[in-house]
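Following: one structure in structure tokens, then a few remarks.
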Amino acid sequence: MEQETQELRKAGLKVTHPRMRILQIFEEDGVRHLTAEDVYKKLLAYQEDIGLATVYRVLTQFEAAGILSKHNFEGGQAVYELDRGQHHDHMIDVDSGKVIEFVSEEIERLQREIASRHGYEIQDHSLVLYVRPKRTK
């Protein structure tokens with residue numbers, strides 16, 4: 001509880017019950033990518049009286065404060081994840097919508113080389129692969 005309080009204050013946000021509960025949901029083990037509706041359903045399961053409009057408002061505030069990152073993957077709703085400053089890329093299973101995180105230094109190196117060949121330095125990037133499970137023969 002103290003960690004969440006410090007994180008909110010560091011971001012310049014007032015410590016409120018809705019902000020604390022929503023931050024705790026993201027810090028729970030398990031699913032890392034949540035929609036606003038996912039967060040709302042978890043709050044309902046915990047019998048919290050926090051409305052969907054409040055969830056959206058808090059998620060927007062957390063994104064602006066750098067606590068959460070928002071991703072708008074094609075064909076789906078926006079998903080949020082804690083922004084811990086560690087770069088990673090994503091794969092999206094097009095059948096199930098499952099989000100898979102991965103890190104590949106080889107891909108990162110290739111991207112830097114390609115940008116350099118064209119006379120650029122990468123400032124930021126996002127890589128999303130849309131995948132389907134391999135069919136076994």
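FYI, nothing fancy with the structure tokens labels: chains A, B, ... in order, residues from 1 per chain, ligands from 1 as they appear.
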Residue set, chain A restricted to alpha helix (DSSP H), as JSON, numbers by chain: {"A": [2, 3, 4, 5, 6, 7, 8, 9, 10, 17, 18, 19, 20, 21, 22, 23, 24, 25, 26, 27, 36, 37, 38, 39, 40, 41, 42, 43, 44, 45, 52, 53, 54, 55, 56, 57, 58, 59, 60, 61, 62, 63, 64, 65, 105, 106, 107, 108, 109, 110, 111, 112, 113, 114, 115, 116, 117]}
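By chain and then residue number, the residues within 8 Å of stretch 64-77 of chain A are Ala11, Gly12, Thr35, Leu59, Thr60, Glu81, Leu82, Asp83, Arg84, Gly97 and Val128 of chain A, counting only C-alpha atoms and disregarding those fewer than 4 positions away in sequence.
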All strand (DSSP E or B) residues (DSSP, backbone) inside stretch 28-106 of chain A, as a list in words: Leu34, Leu68, Ser69, Lys70, His71, Val79, Tyr80, Glu81, Leu82, Asp89, His90, Met91, Ile92, Asp93, Val99, Ile100, Glu101 and Phe102 of chain A
Once you have the residues from the selection above, write them out as an mmCIF file, in the first residue's frame, restricted to C-alpha atoms.
```
data_model
loop_
_atom_site.group_PDB
_atom_site.id
_atom_site.type_symbol
_atom_site.label_atom_id
_atom_site.label_comp_id
_atom_site.auth_asym_id
_atom_site.auth_seq_id
_atom_site.Cartn_x
_atom_site.Cartn_y
_atom_site.Cartn_z
ATOM 1 C CA LEU A 34 -5.914 -4.734 -19.301
ATOM 2 C CA LEU A 68 0.703 3.364 -17.509
ATOM 3 C CA SER A 69 1.338 2.899 -21.208
ATOM 4 C CA LYS A 70 -1.624 2.690 -23.561
ATOM 5 C CA HIS A 71 -1.586 0.478 -26.643
ATOM 6 C CA VAL A 79 -5.100 -1.906 -23.459
ATOM 7 C CA TYR A 80 -3.016 -0.508 -20.635
ATOM 8 C CA GLU A 81 0.071 -1.812 -18.866
ATOM 9 C CA LEU A 82 2.375 -0.521 -16.160
ATOM 10 C CA ASP A 89 7.670 -5.570 -28.192
ATOM 11 C CA HIS A 90 4.349 -7.344 -28.614
ATOM 12 C CA MET A 91 2.770 -10.203 -30.521
ATOM 13 C CA ILE A 92 -1.006 -10.360 -30.805
ATOM 14 C CA ASP A 93 -2.697 -13.710 -31.384
ATOM 15 C CA VAL A 99 -0.978 -10.229 -26.016
ATOM 16 C CA ILE A 100 2.504 -11.747 -25.781
ATOM 17 C CA GLU A 101 5.479 -9.618 -24.769
ATOM 18 C CA PHE A 102 8.977 -10.358 -26.005
#
```
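For the pair atom CA of A:Leu13 and atom CA of A:Arg57, the interatomic distance is 12.6 Å.
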